[in-house]
Structures are given as structure tokens and as C-alpha cells.
$ cat start10.cif   # mmCIF, C-alpha atoms
data_data
loop_
_atom_site.label_atom_id
_atom_site.label_comp_id
_atom_site.auth_asym_id
_atom_site.auth_seq_id
_atom_site.Cartn_x
_atom_site.Cartn_y
_atom_site.Cartn_z
CA MET F 27 84.14 121.54 161.10
CA LYS F 28 85.58 124.00 158.65
CA ASP F 29 87.07 122.53 155.47
CA ASN F 30 90.61 123.90 155.14
CA THR F 31 91.39 122.27 151.79
CA THR F 32 92.19 124.62 148.96
CA ALA F 33 90.40 124.76 145.62
CA LYS F 34 93.42 123.10 143.99
CA GLU F 35 93.37 120.21 146.47
CA ARG F 36 89.62 119.69 145.94
CA MET F 37 90.11 119.62 142.18
CA LEU F 38 92.97 117.08 142.43
CA LYS F 39 90.82 114.93 144.72
CA LYS F 40 88.08 114.83 142.09
CA VAL F 41 90.65 113.93 139.40
CA ARG F 42 92.05 111.06 141.50
CA LYS F 43 88.55 109.78 142.18
CA ALA F 44 87.68 109.88 138.48
CA LEU F 45 90.85 107.96 137.60
CA LEU F 46 89.92 105.19 140.02
CA GLU F 47 86.49 104.73 138.48
CA HIS F 48 86.39 102.30 135.57
CA ARG F 49 84.55 103.58 132.52
CA ASP F 50 84.21 102.14 129.04
CA ASN F 51 86.06 103.93 126.26
CA PRO F 52 83.38 105.89 124.33
CA TYR F 53 85.60 105.82 121.19
CA PRO F 54 87.13 102.32 121.11
CA ASN F 55 88.05 102.34 117.40
CA GLN F 56 89.23 105.94 117.12
CA GLU F 57 92.86 105.05 116.33
CA ASP F 58 91.81 102.82 113.43
CA LEU F 59 89.83 105.55 111.71
CA PRO F 60 91.53 107.54 108.90
CA LEU F 61 92.45 111.13 109.69
CA TYR F 62 91.07 112.37 106.37
CA ALA F 63 88.58 111.24 103.82
CA THR F 64 90.14 109.09 101.11
CA PRO F 65 90.31 110.60 97.61
CA GLY F 66 87.31 109.97 95.44
CA GLU F 67 87.41 107.53 92.56
CA GLY F 68 89.20 109.04 89.59
CA GLU F 69 91.08 111.66 91.62
CA ILE F 70 94.75 111.82 90.64
CA LEU F 71 97.56 112.60 93.08
CA GLU F 72 99.16 115.03 90.62
CA VAL F 73 95.94 117.04 90.46
CA ILE F 74 95.42 116.99 94.24
CA PHE F 75 98.99 118.14 94.86
CA ALA F 76 98.82 120.89 92.23
CA GLU F 77 95.55 122.26 93.62
CA GLU F 78 96.84 122.28 97.19
CA LEU F 79 100.17 123.86 96.19
CA LEU F 80 98.44 126.63 94.25
CA ALA F 81 96.14 127.23 97.22
CA VAL F 82 99.17 128.15 99.37
CA SER F 83 100.69 130.47 96.72
CA GLY F 84 103.10 127.93 95.23
CA GLN F 85 103.65 127.51 91.49
CA PHE F 86 103.24 124.17 89.70
CA VAL F 87 104.57 123.06 86.30
CA PHE F 88 104.05 119.55 84.89
CA CYS F 89 106.64 118.33 82.37
CA GLU F 90 106.38 115.21 80.24
CA ASP F 91 110.14 114.87 79.78
CA GLU F 92 113.51 116.52 80.50
CA ILE F 93 113.45 118.61 77.32
CA GLN F 94 110.12 120.18 78.24
CA PHE F 95 111.46 120.80 81.74
CA ILE F 96 114.61 122.56 80.48
CA GLU F 97 112.57 124.66 78.04
CA SER F 98 110.16 125.68 80.81
CA LEU F 99 113.06 126.53 83.12
CA LEU F 100 114.79 128.60 80.42
CA ASN F 101 111.62 130.53 79.66
CA LEU F 102 110.98 131.20 83.35
CA ALA F 103 114.56 132.34 83.99
CA GLU F 104 114.45 134.65 80.96
CA GLU F 105 111.10 136.10 82.00
CA ARG F 106 112.27 136.72 85.58
CA GLU F 107 115.80 137.76 84.53
CA TRP F 108 117.47 135.24 86.85
CA HIS F 109 121.24 135.05 86.49
CA LYS F 110 122.42 133.44 89.72
CA ILE F 111 120.87 129.98 89.93
CA TYR F 112 122.58 127.68 92.43
CA CYS F 113 122.48 123.89 92.12
CA TRP F 114 124.63 121.57 94.26
CA GLU F 115 123.12 118.12 93.73
CA HIS F 116 125.00 115.88 91.31
CA ALA F 117 121.90 114.40 89.65
CA LEU F 118 120.57 117.87 88.85
CA GLN F 119 123.99 119.12 87.75
CA LYS F 120 124.31 116.21 85.35
CA MET F 121 120.95 117.07 83.77
CA LEU F 122 121.74 120.79 83.49
CA ASP F 123 125.21 120.09 82.08
CA GLN F 124 123.69 117.83 79.45
CA TYR F 125 121.67 120.77 78.10
CA GLU F 126 124.41 123.34 78.82
CA TYR F 127 122.21 125.25 81.23
CA PRO F 128 124.19 127.91 83.18
CA TYR F 129 124.26 127.65 86.98
CA TYR F 130 126.54 127.92 90.02
CA LYS F 131 128.06 124.66 91.27
CA THR F 132 129.60 126.07 94.45
CA ASP F 133 128.58 128.57 97.11
CA LYS F 134 130.72 131.35 95.62
CA ASP F 135 128.94 134.72 96.06
CA PHE F 136 126.08 132.80 97.67
CA GLU F 137 124.83 135.96 99.38
CA GLN F 138 123.81 137.14 95.90
CA ALA F 139 121.91 133.95 95.03
CA GLU F 140 118.61 134.52 93.27
CA VAL F 141 117.44 130.91 92.94
CA GLY F 142 118.08 127.70 94.88
CA PHE F 143 117.45 124.61 92.76
CA THR F 144 116.99 121.27 94.57
CA LEU F 145 115.48 117.83 94.43
CA CYS F 146 113.17 116.55 97.19
CA GLU F 147 112.33 113.38 99.07
CA ALA F 148 108.59 113.34 98.39
CA LEU F 149 105.55 115.40 97.46
CA VAL F 150 102.62 115.15 99.87
CA ALA F 151 99.44 115.57 97.85
CA ARG F 152 97.09 115.97 100.82
CA ASN F 153 98.39 119.45 101.72
CA GLY F 154 100.63 120.37 98.79
CA SER F 155 103.79 119.97 100.86
CA ILE F 156 107.34 119.16 99.78
CA MET F 157 109.37 116.81 101.96
CA LEU F 158 113.04 117.75 102.13
CA SER F 159 116.08 116.42 103.98
CA ASN F 160 119.73 117.33 104.38
CA ALA F 161 120.92 114.01 102.97
CA SER F 162 121.78 115.54 99.60
CA MET F 163 124.50 118.00 98.60
CA ALA F 164 121.91 120.78 98.78
CA GLY F 165 122.09 120.54 102.56
CA ARG F 166 120.06 122.99 104.62
CA ARG F 167 120.92 126.33 103.01
CA LEU F 168 119.88 126.01 99.39
CA SER F 169 116.16 125.64 100.06
CA ILE F 170 116.08 128.46 102.61
CA TYR F 171 118.39 131.35 101.75
CA PRO F 172 117.70 132.32 98.08
CA PRO F 173 114.47 134.31 97.52
CA VAL F 174 113.28 131.71 94.99
CA HIS F 175 113.24 127.96 95.55
CA ILE F 176 112.78 125.62 92.58
CA VAL F 177 112.13 121.93 93.20
CA LEU F 178 112.36 119.17 90.62
CA ALA F 179 110.30 116.13 91.58
CA TYR F 180 109.11 112.97 89.86
CA THR F 181 105.66 111.42 89.77
CA SER F 182 107.10 108.36 91.54
CA GLN F 183 107.68 110.61 94.59
CA LEU F 184 104.02 111.58 94.93
CA VAL F 185 102.32 110.25 98.06
CA LEU F 186 98.93 110.95 99.59
CA ASP F 187 99.79 111.62 103.24
CA LEU F 188 102.78 112.53 105.36
CA LYS F 189 103.01 108.99 106.76
CA ASP F 190 103.43 107.71 103.20
CA GLY F 191 106.29 110.16 102.73
CA PHE F 192 108.03 108.85 105.84
CA LYS F 193 107.62 105.32 104.47
CA LEU F 194 109.44 106.40 101.31
CA LEU F 195 112.24 107.78 103.47
CA SER F 196 112.35 104.60 105.54
CA ASP F 197 112.54 102.44 102.42
CA LYS F 198 115.30 104.64 100.99
CA TYR F 199 117.52 105.15 104.04
CA GLY F 200 116.59 102.30 106.38
CA LYS F 201 117.84 103.01 109.90
CA ARG F 202 120.20 105.75 108.69
CA LEU F 203 117.59 108.49 108.38
CA PRO F 204 118.82 112.04 107.64
CA SER F 205 119.40 114.27 110.66
CA MET F 206 117.03 116.88 109.23
CA ILE F 207 113.66 116.07 107.67
CA THR F 208 111.22 118.88 107.03
CA THR F 209 108.21 119.79 104.96
CA VAL F 210 107.69 123.01 103.03
CA THR F 211 104.14 124.16 102.29
CA GLY F 212 104.22 127.14 99.94
CA PRO F 213 106.50 130.18 100.20
CA SER F 214 107.65 131.44 103.59
CA ARG F 215 104.97 133.66 105.13
CA THR F 216 103.91 135.53 108.24
CA ALA F 217 101.00 137.69 109.34
CA ASP F 218 102.53 138.78 112.65
CA ILE F 219 102.83 142.43 111.63
CA GLU F 220 99.43 144.15 111.70
CA LYS F 221 97.79 140.90 110.55
CA THR F 222 99.02 141.53 107.01
CA LEU F 223 100.24 138.48 105.09
CA VAL F 224 103.85 138.89 103.97
CA LEU F 225 105.60 136.33 101.75
CA GLY F 226 109.31 135.66 102.08
CA ALA F 227 109.50 136.61 105.74
CA HIS F 228 111.73 133.77 106.91
CA GLY F 229 112.75 132.11 103.65
CA PRO F 230 111.96 132.04 99.92
CA LYS F 231 109.10 134.28 98.81
CA GLU F 232 108.48 132.15 95.71
CA LEU F 233 108.27 128.38 95.37
CA PHE F 234 108.13 126.49 92.07
CA VAL F 235 107.60 122.76 91.74
CA PHE F 236 108.44 121.15 88.40
CA LEU F 237 106.91 117.67 88.29
CA LEU F 238 108.57 115.38 85.78
CA ASP F 239 106.75 112.28 84.56
CA GLY F 240 108.80 109.25 85.50
#
$ encode --input "start10.cif" --output "C-alpha cells"
Amino acid sequence: MKDNTTAKERMLKKVRKALLEHRDNPYPNQEDLPLYATPGEGEILEVIFAEELLAVSGQFVFCEDEIQFIESLLNLAEEREWHKIYCWEHALQKMLDQYEYPYYKTDKDFEQAEVGFTLCEALVARNGSIMLSNASMAGRRLSIYPPVHIVLAYTSQLVLDLKDGFKLLSDKYGKRLPSMITTVTGPSRTADIEKTLVLGAHGPKELFVFLLDG
């Protein structure tokens, strides 16, 4: 008798048969295994993060204290001739006001912004990523629209993996997590056009991370 079943029906029959057969799991402990190798003895999170950030075209500056940070920021702004630096987070504004550093407190003339200056939630050393949220006054725009994004972070915010970053967020916010949590890994980039890498395609073309000891 001719078999009138289609190829699809024969395939589904084999799948159903396979599901009914009991087989031992060939990888019983897979979920308990780490996704990545653990850092070697003596490896420092600051060094791992800096290397990974530089590998994705980010810029890294370590500062021992606020004075060194302000001096580094002044020198960078003078070198790049930045005049429209926007900062909306109160903690950053307080620091900049203390040293009389010029910046924009509101979104006036925001379309002309040259630099967006923000804090972050965490730094993920494993892949050189910055974890951001919209919980602060910086919101969603300040880290995306200006062509240059500067982040001030502290060594206490350094974590090894993304899961450790989410634990920091959970400890900080509890059940009231921010509505937007994202990670930034280097400047915005694309290679969609003729396979040529272009920075700044969908966001900032330069990313600076100032890491402050503390």
C-alpha cells in the first residue's frame, strides 16, 4: 500500500517517537558550570575592564581622587575644544560646582550638545561594558544623543560578570528596578554599509570612562 504521509508528517512522527523514549542527560551538570574561565590569580578587575574597554575602541582613565579627575577632564576638554558639556545628575553637578567646572544643567540647546556626562550603575569587567539605567536624572537621552559620552564610575562599582551587575542593581533598588537597564560596550558602531566599520552610527562615536578610586 502506498504511503500517503508527507515528509513533514514523517519528520514529526520521528520527533514524537524520540520524545517518548527515555534517555539519560549526556550533560547533567551543565548548568552548574561557569560560562567563562575565572580570572587568574593576581588579575585585577580594573585591569581586565580597561583592557576590554580599549579593545572595543573605548577610552579609559584611572584617577586616584577627585582633583586628578577634574584636572584630567579639563585637559581633555581643552584638547578637544569641548564647550557644550551636559550634566544632569545632582551628584555629578555637586562635584563640578565644587571645582567651578563649566557645564549645562538643563537641556537648553541640547541639539548642539558635544558631550553627555553621566554616572553608571556598574562596570562589567568581563567584556568592558557599562551598565546604565534611567533611574537617574540623566534619563535615556544623555548617554545616547551627544557625540561623546563620558562616564564617571567608582572602583566599588566594578563587577566581573553581568549577573554580578544585576545583583548590584537588585541590592540598590530591591523590587523597584528601573524601567530601562542597558549595557554599553564601546562607542556606537555598525558595519552594515559595505562591511566598513563606522563609529557613531546610532549613538556616541567616542566613549570615555573615568574610574575614580573609592
$ resolve_selection --input "start10.cif" --expression "the PyMOL selection byres ((chain F and resi 140) around 8)" --output "number ranges by chain"
F: 108-112, 138-139, 141-142, 172-174
$ resolve_selection --input "start10.cif" --expression "the PyMOL selection byres ((chain F and resi 237-239) around 12)" --output "ChimeraX atom specification"
/F:71-73,75-76,85-96,98-99,145-146,148-149,156,176-184,234-236,240
$ closest_residue --input "start10.cif" --among "F:Glu97, F:Glu35, F:Glu232, F:Glu107" --to "F:Ile170" --atoms "only C-alpha atoms"
F:Glu232
$ atom_distance --input "start10.cif" --atom1 "atom CA of F:Lys198" --atom2 "atom CA of F:Asn160"
13.9 Å
$ closest_residue --input "start10.cif" --among "F:Leu100, F:Ala44, F:Met37, F:Val150" --to "F:Glu126" --atoms "all atoms listed in the file"
F:Leu100
$ closest_residue --input "start10.cif" --among "F:Glu78, F:Phe136, F:Glu104, F:Met163" --to "F:Gln119" --atoms "all atoms listed in the file"
F:Met163
$ closest_residue --input "start10.cif" --among "F:Thr144, F:Thr209, F:Gln124, F:Asn101" --to "F:Gly165" --atoms "all atoms listed in the file"
F:Thr144
$ atom_distance --input "start10.cif" --atom1 "atom CA of F:Leu80" --atom2 "atom CA of F:Tyr171"
21.8 Å
